[in-house]
Every structure is written in C-alpha cells, then in structure tokens.
>>> print(open('query_10.pdb').read())   # PDB, C-alpha atoms
ATOM      1  CA  GLN X 245       0.000   0.000   0.000  1.00  0.00           C
ATOM      2  CA  LEU X 246       2.829   2.375   0.841  1.00  0.00           C
ATOM      3  CA  PHE X 247       4.458   1.734  -2.517  1.00  0.00           C
ATOM      4  CA  LYS X 248       1.143   2.383  -4.281  1.00  0.00           C
ATOM      5  CA  GLU X 249       0.744   5.701  -2.449  1.00  0.00           C
ATOM      6  CA  CYS X 250       4.359   6.668  -3.216  1.00  0.00           C
ATOM      7  CA  ALA X 251       3.778   5.973  -6.902  1.00  0.00           C
ATOM      8  CA  GLU X 252       0.557   8.023  -6.907  1.00  0.00           C
ATOM      9  CA  THR X 253       1.986  11.018  -5.023  1.00  0.00           C
ATOM     10  CA  GLY X 254       5.524  10.875  -6.356  1.00  0.00           C
ATOM     11  CA  LYS X 255       6.821  11.042  -2.771  1.00  0.00           C
ATOM     12  CA  THR X 256       9.228   8.483  -1.390  1.00  0.00           C
ATOM     13  CA  PRO X 257      10.391   8.249   2.217  1.00  0.00           C
ATOM     14  CA  THR X 258      13.745   9.701   3.185  1.00  0.00           C
ATOM     15  CA  PRO X 259      16.204   7.380   4.955  1.00  0.00           C
ATOM     16  CA  ASP X 260      15.074   8.735   8.348  1.00  0.00           C
ATOM     17  CA  GLN X 261      11.405   8.266   7.435  1.00  0.00           C
ATOM     18  CA  TRP X 262      12.166   4.686   6.330  1.00  0.00           C
ATOM     19  CA  LYS X 263      13.727   4.012   9.747  1.00  0.00           C
ATOM     20  CA  VAL X 264      10.513   5.090  11.475  1.00  0.00           C
ATOM     21  CA  LEU X 265       8.306   3.093   9.087  1.00  0.00           C
ATOM     22  CA  GLU X 266      10.476  -0.030   9.429  1.00  0.00           C
ATOM     23  CA  PHE X 267      10.486   0.305  13.227  1.00  0.00           C
ATOM     24  CA  ILE X 268       6.696   0.464  13.329  1.00  0.00           C
ATOM     25  CA  LYS X 269       6.318  -2.443  10.900  1.00  0.00           C
ATOM     26  CA  ASP X 270       8.741  -4.585  12.914  1.00  0.00           C
ATOM     27  CA  ARG X 271       6.964  -3.715  16.161  1.00  0.00           C
ATOM     28  CA  CYS X 272       3.578  -4.672  14.683  1.00  0.00           C
ATOM     29  CA  PHE X 273       4.986  -8.041  13.556  1.00  0.00           C
ATOM     30  CA  GLN X 274       6.477  -8.584  17.047  1.00  0.00           C
ATOM     31  CA  GLU X 275       3.145  -7.864  18.728  1.00  0.00           C
ATOM     32  CA  ARG X 276       1.301 -10.099  16.267  1.00  0.00           C
ATOM     33  CA  SER X 277       3.737 -12.916  16.992  1.00  0.00           C
ATOM     34  CA  GLU X 278       3.120 -12.516  20.721  1.00  0.00           C
ATOM     35  CA  TRP X 279      -0.623 -12.475  20.112  1.00  0.00           C
ATOM     36  CA  ASN X 280      -0.472 -15.665  18.055  1.00  0.00           C
ATOM     37  CA  SER X 281       1.598 -17.482  20.682  1.00  0.00           C
ATOM     38  CA  GLN X 282      -0.420 -16.020  23.594  1.00  0.00           C
ATOM     39  CA  THR X 283       2.727 -14.604  25.197  1.00  0.00           C
ATOM     40  CA  GLN X 284       1.652 -10.945  25.483  1.00  0.00           C
ATOM     41  CA  LYS X 285       1.551 -11.072  29.301  1.00  0.00           C
ATOM     42  CA  LYS X 286       5.123 -12.397  29.372  1.00  0.00           C
ATOM     43  CA  SER X 287       6.385  -9.700  27.027  1.00  0.00           C
ATOM     44  CA  PHE X 288       8.894  -7.142  28.236  1.00  0.00           C
ATOM     45  CA  TRP X 289       7.705  -4.664  25.570  1.00  0.00           C
ATOM     46  CA  GLU X 290       5.856  -1.555  26.726  1.00  0.00           C
ATOM     47  CA  PRO X 291       3.013  -0.198  24.583  1.00  0.00           C
ATOM     48  CA  LEU X 292       4.474   1.820  21.725  1.00  0.00           C
ATOM     49  CA  ARG X 293       4.267   5.554  22.219  1.00  0.00           C
ATOM     50  CA  LEU X 294       5.999   7.396  19.421  1.00  0.00           C
ATOM     51  CA  MET X 295       6.549  11.106  18.988  1.00  0.00           C
ATOM     52  CA  ILE X 296       7.595  12.481  15.621  1.00  0.00           C
ATOM     53  CA  HIS X 297       9.157  15.910  15.670  1.00  0.00           C
ATOM     54  CA  GLY X 298      11.375  18.028  13.475  1.00  0.00           C
ATOM     55  CA  LEU X 299      11.774  21.319  11.697  1.00  0.00           C
ATOM     56  CA  PRO X 300       9.052  22.669   9.404  1.00  0.00           C
ATOM     57  CA  GLY X 301       9.128  20.883   6.072  1.00  0.00           C
ATOM     58  CA  ALA X 302      10.978  17.840   7.442  1.00  0.00           C
ATOM     59  CA  GLY X 303       8.165  15.492   6.379  1.00  0.00           C
ATOM     60  CA  LYS X 304       6.497  14.808   9.730  1.00  0.00           C
ATOM     61  CA  SER X 305       2.954  14.971   8.353  1.00  0.00           C
ATOM     62  CA  GLN X 306       3.831  12.739   5.422  1.00  0.00           C
ATOM     63  CA  VAL X 307       5.385  10.022   7.575  1.00  0.00           C
ATOM     64  CA  ILE X 308       2.329  10.091   9.850  1.00  0.00           C
ATOM     65  CA  LYS X 309       0.095   9.721   6.780  1.00  0.00           C
ATOM     66  CA  TRP X 310       2.134   6.686   5.689  1.00  0.00           C
ATOM     67  CA  ILE X 311       1.861   5.201   9.175  1.00  0.00           C
ATOM     68  CA  ARG X 312      -1.917   5.753   9.190  1.00  0.00           C
ATOM     69  CA  SER X 313      -2.164   4.194   5.751  1.00  0.00           C
ATOM     70  CA  PHE X 314      -0.262   1.130   6.980  1.00  0.00           C
ATOM     71  CA  PHE X 315      -2.481   0.808  10.054  1.00  0.00           C
ATOM     72  CA  GLU X 316      -5.785   1.372   8.256  1.00  0.00           C
ATOM     73  CA  ASP X 317      -5.233  -0.141   4.797  1.00  0.00           C
ATOM     74  CA  CYS X 318      -2.832  -2.979   5.618  1.00  0.00           C
ATOM     75  CA  LEU X 319      -3.799  -3.938   9.168  1.00  0.00           C
ATOM     76  CA  GLY X 320      -7.474  -2.895   9.028  1.00  0.00           C
ATOM     77  CA  TRP X 321      -7.177  -0.868  12.220  1.00  0.00           C
ATOM     78  CA  ILE X 322      -9.542   1.978  13.084  1.00  0.00           C
ATOM     79  CA  HIS X 323      -8.288   5.373  14.246  1.00  0.00           C
ATOM     80  CA  GLY X 324      -9.417   5.995  17.810  1.00  0.00           C
ATOM     81  CA  ARG X 325      -9.771   2.295  18.571  1.00  0.00           C
ATOM     82  CA  GLU X 326      -6.536   0.434  17.799  1.00  0.00           C
ATOM     83  CA  PHE X 327      -4.381   3.562  17.408  1.00  0.00           C
ATOM     84  CA  VAL X 328      -4.668   7.312  17.677  1.00  0.00           C
ATOM     85  CA  CYS X 329      -2.787  10.219  16.113  1.00  0.00           C
ATOM     86  CA  ILE X 330      -2.508  13.168  18.475  1.00  0.00           C
ATOM     87  CA  ALA X 331      -1.098  16.648  17.913  1.00  0.00           C
ATOM     88  CA  SER X 332      -0.619  19.587  20.237  1.00  0.00           C
ATOM     89  CA  MET X 333      -2.330  22.120  17.980  1.00  0.00           C
ATOM     90  CA  ASN X 334      -5.556  22.114  15.977  1.00  0.00           C
ATOM     91  CA  THR X 335      -3.803  22.881  12.688  1.00  0.00           C
ATOM     92  CA  MET X 336      -1.472  19.901  12.959  1.00  0.00           C
ATOM     93  CA  ALA X 337      -4.273  17.621  14.152  1.00  0.00           C
ATOM     94  CA  ALA X 338      -6.247  18.588  11.042  1.00  0.00           C
ATOM     95  CA  LEU X 339      -3.230  17.940   8.770  1.00  0.00           C
ATOM     96  CA  ILE X 340      -2.834  14.383  10.068  1.00  0.00           C
ATOM     97  CA  GLY X 341      -6.543  13.652  10.469  1.00  0.00           C
ATOM     98  CA  GLY X 342      -6.023  13.248  14.189  1.00  0.00           C
ATOM     99  CA  MET X 343      -7.042  14.852  17.445  1.00  0.00           C
ATOM    100  CA  THR X 344      -5.573  17.462  19.738  1.00  0.00           C
ATOM    101  CA  ILE X 345      -4.248  16.357  23.094  1.00  0.00           C
ATOM    102  CA  HIS X 346      -7.174  18.131  24.751  1.00  0.00           C
ATOM    103  CA  SER X 347      -9.874  16.583  22.574  1.00  0.00           C
ATOM    104  CA  PHE X 348      -8.376  13.096  22.979  1.00  0.00           C
ATOM    105  CA  GLY X 349      -8.163  13.520  26.748  1.00  0.00           C
ATOM    106  CA  ASP X 350     -11.644  15.091  26.862  1.00  0.00           C
ATOM    107  CA  VAL X 351     -10.224  18.175  28.593  1.00  0.00           C
ATOM    108  CA  PRO X 352     -12.895  20.899  28.635  1.00  0.00           C
ATOM    109  CA  PRO X 353     -11.990  24.409  27.514  1.00  0.00           C
ATOM    110  CA  ARG X 354     -11.122  26.850  30.253  1.00  0.00           C
ATOM    111  CA  VAL X 355     -14.164  28.840  31.305  1.00  0.00           C
ATOM    112  CA  ASP X 356     -13.604  32.333  32.652  1.00  0.00           C
ATOM    113  CA  PRO X 357     -15.437  32.591  36.019  1.00  0.00           C
ATOM    114  CA  SER X 358     -16.660  36.146  35.371  1.00  0.00           C
TER     115      SER X 358
END
>>> encode(input="query_10.pdb", output="structure tokens")
Amino acid sequence: QLFKECAETGKTPTPDQWKVLEFIKDRCFQERSEWNSQTQKKSFWEPLRLMIHGLPGAGKSQVIKWIRSFFEDCLGWIHGREFVCIASMNTMAALIGGMTIHSFGDVPPRVDPS
C-alpha cells in the first residue's frame, strides 16, 4: 500500500522516514507474533508511544500519513480504537486527520469565572 501511495503522489520516504516506518512495521509483527503465541503477558515490551518531531518541512505529516495508511489499509485498524494520532495544535491535528491532546483527553476548555 505504501508503494502504491508513493507511486501516486511521487513522494518516497527519506532514509530517516524509512527508519521510522520499518520500526513500526517490525513492532507490529512482534506484537502479532506474541498475540499468536499467547505470550503478550510475558512480554517485556511496553506499549508503543511514538513522537515524531522536526523542523518545518521535514516530512512529519507525510510520515504520519504513511503510518496511518499502513495501520488502516494494511492492518485494518480503526483510528481511535486500535491507534490514535494526536497533535498539540488544531492545525497539525487537522493535517494528520487526528485529534488534539485536549480533545483526545476530553479536557474541557477553560471557562472564565466572570
């Protein structure tokens, strides 16, 4: 699926983006192996929490889109159930089709007492 999207958009991952994508793929295969052998409770792996950061234009949004595509199109996962993409600001959350930290955590907006 990733290769199909790369061909359609003309974008290919940079070496650093490939490292992130490979890491996530390998981790998914590891967790699937544990699931199949019923050894999840014996696993020393913590749940994966990954933060992607970098300078503007570094390709953060694109790598997150590729990750989402892998999760949704290849694994059949649903955003908000098996995984969630969270951003600190509304603009970034909209770019990645995710949620803000506050909306994900159901934090109400601050109400002025006056």
>>> closest_atom_pairs(input="query_10.pdb", of="range 279-324 of chain X", to="range 341-346 of chain X", cutoff="9 Å", atoms="all atoms listed in the file", output="tab-separated table")
residue	atom	partner	partner_atom	distance
X:Lys309	CA	X:Gly341	CA	8.6
X:His323	CA	X:Gly342	CA	8.2
X:Gly324	CA	X:Gly342	CA	8.8
>>> atom_distance(input="query_10.pdb", atom1="CA of Glu316 in chain X", atom2="CA of Pro352 in chain X")
29.1 Å
>>> residues_around(input="query_10.pdb", residues="range 253-270 of chain X", least_positions_apart="3", cutoff="12 Å", atoms="only C-alpha atoms", output="PDB file with C-alpha atoms, in the frame of the given file")
ATOM      1  CA  LEU X 246       2.829   2.375   0.841  1.00  0.00           C
ATOM      2  CA  PHE X 247       4.458   1.734  -2.517  1.00  0.00           C
ATOM      3  CA  LYS X 248       1.143   2.383  -4.281  1.00  0.00           C
ATOM      4  CA  GLU X 249       0.744   5.701  -2.449  1.00  0.00           C
ATOM      5  CA  CYS X 250       4.359   6.668  -3.216  1.00  0.00           C
ATOM      6  CA  PHE X 273       4.986  -8.041  13.556  1.00  0.00           C
ATOM      7  CA  GLN X 274       6.477  -8.584  17.047  1.00  0.00           C
ATOM      8  CA  GLU X 275       3.145  -7.864  18.728  1.00  0.00           C
ATOM      9  CA  ARG X 276       1.301 -10.099  16.267  1.00  0.00           C
ATOM     10  CA  SER X 277       3.737 -12.916  16.992  1.00  0.00           C
ATOM     11  CA  PRO X 291       3.013  -0.198  24.583  1.00  0.00           C
ATOM     12  CA  LEU X 292       4.474   1.820  21.725  1.00  0.00           C
ATOM     13  CA  ARG X 293       4.267   5.554  22.219  1.00  0.00           C
ATOM     14  CA  LEU X 294       5.999   7.396  19.421  1.00  0.00           C
ATOM     15  CA  MET X 295       6.549  11.106  18.988  1.00  0.00           C
ATOM     16  CA  ILE X 296       7.595  12.481  15.621  1.00  0.00           C
ATOM     17  CA  HIS X 297       9.157  15.910  15.670  1.00  0.00           C
ATOM     18  CA  GLY X 298      11.375  18.028  13.475  1.00  0.00           C
ATOM     19  CA  ALA X 302      10.978  17.840   7.442  1.00  0.00           C
ATOM     20  CA  GLY X 303       8.165  15.492   6.379  1.00  0.00           C
ATOM     21  CA  LYS X 304       6.497  14.808   9.730  1.00  0.00           C
ATOM     22  CA  SER X 305       2.954  14.971   8.353  1.00  0.00           C
ATOM     23  CA  GLN X 306       3.831  12.739   5.422  1.00  0.00           C
ATOM     24  CA  VAL X 307       5.385  10.022   7.575  1.00  0.00           C
ATOM     25  CA  ILE X 308       2.329  10.091   9.850  1.00  0.00           C
ATOM     26  CA  LYS X 309       0.095   9.721   6.780  1.00  0.00           C
ATOM     27  CA  TRP X 310       2.134   6.686   5.689  1.00  0.00           C
ATOM     28  CA  ILE X 311       1.861   5.201   9.175  1.00  0.00           C
ATOM     29  CA  ARG X 312      -1.917   5.753   9.190  1.00  0.00           C
ATOM     30  CA  SER X 313      -2.164   4.194   5.751  1.00  0.00           C
ATOM     31  CA  PHE X 314      -0.262   1.130   6.980  1.00  0.00           C
ATOM     32  CA  PHE X 315      -2.481   0.808  10.054  1.00  0.00           C
ATOM     33  CA  CYS X 318      -2.832  -2.979   5.618  1.00  0.00           C
ATOM     34  CA  LEU X 319      -3.799  -3.938   9.168  1.00  0.00           C
TER      35      LEU X 319
END
>>> atom_distance(input="query_10.pdb", atom1="CA of Ser347 in chain X", atom2="CA of Gly301 in chain X")
25.5 Å
>>> atom_distance(input="query_10.pdb", atom1="CA of Lys286 in chain X", atom2="CA of Arg271 in chain X")
15.9 Å
>>> axis_aligned_box(input="query_10.pdb", around="range 296-307 of chain X", padding_each_side="4 Å", output="AutoDock Vina command-line options")
--center_x 7.4 --center_y 16.3 --center_z 10.5 --size_x 16.8 --size_y 20.6 --size_z 18.2
>>> build_atoms(input="query_10.pdb", residues="range 322-333 of chain X", atoms="all heavy atoms", output="short mmCIF file (atom, residue, chain, number, x, y, z; two decimals), in the coordinates of the input")
data_model
loop_
_atom_site.label_atom_id
_atom_site.label_comp_id
_atom_site.auth_asym_id
_atom_site.auth_seq_id
_atom_site.Cartn_x
_atom_site.Cartn_y
_atom_site.Cartn_z
N ILE X 322 -8.68 0.80 13.10
CA ILE X 322 -9.54 1.98 13.08
C ILE X 322 -8.95 3.04 14.00
O ILE X 322 -8.63 2.76 15.16
CB ILE X 322 -10.97 1.62 13.52
CG1 ILE X 322 -11.58 0.63 12.52
CG2 ILE X 322 -11.84 2.87 13.67
CD1 ILE X 322 -12.91 0.06 12.94
N HIS X 323 -8.81 4.26 13.46
CA HIS X 323 -8.29 5.37 14.25
C HIS X 323 -9.21 5.64 15.42
O HIS X 323 -10.43 5.71 15.27
CB HIS X 323 -8.17 6.62 13.36
CG HIS X 323 -7.53 7.77 14.06
ND1 HIS X 323 -8.23 8.79 14.62
CD2 HIS X 323 -6.22 8.04 14.29
CE1 HIS X 323 -7.40 9.66 15.16
NE2 HIS X 323 -6.17 9.23 14.96
N GLY X 324 -8.63 5.76 16.61
CA GLY X 324 -9.42 6.00 17.81
C GLY X 324 -9.74 4.71 18.56
O GLY X 324 -10.19 4.75 19.69
N ARG X 325 -9.52 3.57 17.90
CA ARG X 325 -9.77 2.30 18.57
C ARG X 325 -8.46 1.52 18.77
O ARG X 325 -8.05 1.26 19.88
CB ARG X 325 -10.78 1.46 17.79
CG ARG X 325 -11.25 0.23 18.59
CD ARG X 325 -12.40 -0.46 17.94
NE ARG X 325 -11.92 -1.21 16.79
CZ ARG X 325 -12.72 -1.84 15.93
NH1 ARG X 325 -14.03 -1.75 16.07
NH2 ARG X 325 -12.23 -2.52 14.93
N GLU X 326 -7.80 1.16 17.68
CA GLU X 326 -6.54 0.43 17.80
C GLU X 326 -5.32 1.37 17.86
O GLU X 326 -4.25 0.98 18.30
CB GLU X 326 -6.34 -0.54 16.62
CG GLU X 326 -7.19 -1.78 16.71
CD GLU X 326 -8.55 -1.63 16.04
OE1 GLU X 326 -8.82 -0.58 15.44
OE2 GLU X 326 -9.32 -2.58 16.12
N PHE X 327 -5.47 2.58 17.37
CA PHE X 327 -4.38 3.56 17.41
C PHE X 327 -4.99 4.95 17.37
O PHE X 327 -6.17 5.12 17.06
CB PHE X 327 -3.42 3.38 16.22
CG PHE X 327 -3.96 3.88 14.91
CD1 PHE X 327 -3.59 5.11 14.41
CD2 PHE X 327 -4.86 3.12 14.18
CE1 PHE X 327 -4.10 5.58 13.21
CE2 PHE X 327 -5.37 3.56 12.97
CZ PHE X 327 -4.99 4.80 12.49
N VAL X 328 -4.20 5.93 17.73
CA VAL X 328 -4.67 7.31 17.68
C VAL X 328 -3.50 8.23 17.32
O VAL X 328 -2.38 8.02 17.78
CB VAL X 328 -5.33 7.75 19.01
CG1 VAL X 328 -4.35 7.75 20.15
CG2 VAL X 328 -6.01 9.10 18.88
N CYS X 329 -3.77 9.20 16.47
CA CYS X 329 -2.79 10.22 16.11
C CYS X 329 -3.17 11.49 16.86
O CYS X 329 -4.30 11.98 16.71
CB CYS X 329 -2.78 10.49 14.61
SG CYS X 329 -2.20 9.09 13.63
N ILE X 330 -2.24 12.00 17.64
CA ILE X 330 -2.51 13.17 18.48
C ILE X 330 -1.49 14.25 18.16
O ILE X 330 -0.31 13.98 17.96
CB ILE X 330 -2.42 12.80 19.97
CG1 ILE X 330 -3.42 11.72 20.31
CG2 ILE X 330 -2.63 14.02 20.85
CD1 ILE X 330 -3.30 11.19 21.71
N ALA X 331 -1.97 15.49 18.13
CA ALA X 331 -1.10 16.65 17.91
C ALA X 331 -1.39 17.70 18.97
O ALA X 331 -2.47 17.71 19.57
CB ALA X 331 -1.33 17.23 16.52
N SER X 332 -0.43 18.57 19.20
CA SER X 332 -0.62 19.59 20.24
C SER X 332 -1.52 20.73 19.78
O SER X 332 -2.20 21.34 20.59
CB SER X 332 0.74 20.14 20.69
OG SER X 332 1.42 20.69 19.59
N MET X 333 -1.54 21.00 18.48
CA MET X 333 -2.33 22.12 17.98
C MET X 333 -3.37 21.65 16.97
O MET X 333 -3.18 20.65 16.29
CB MET X 333 -1.42 23.16 17.33
CG MET X 333 -0.44 23.76 18.30
SD MET X 333 0.55 25.11 17.60
CE MET X 333 1.31 24.34 16.21
#
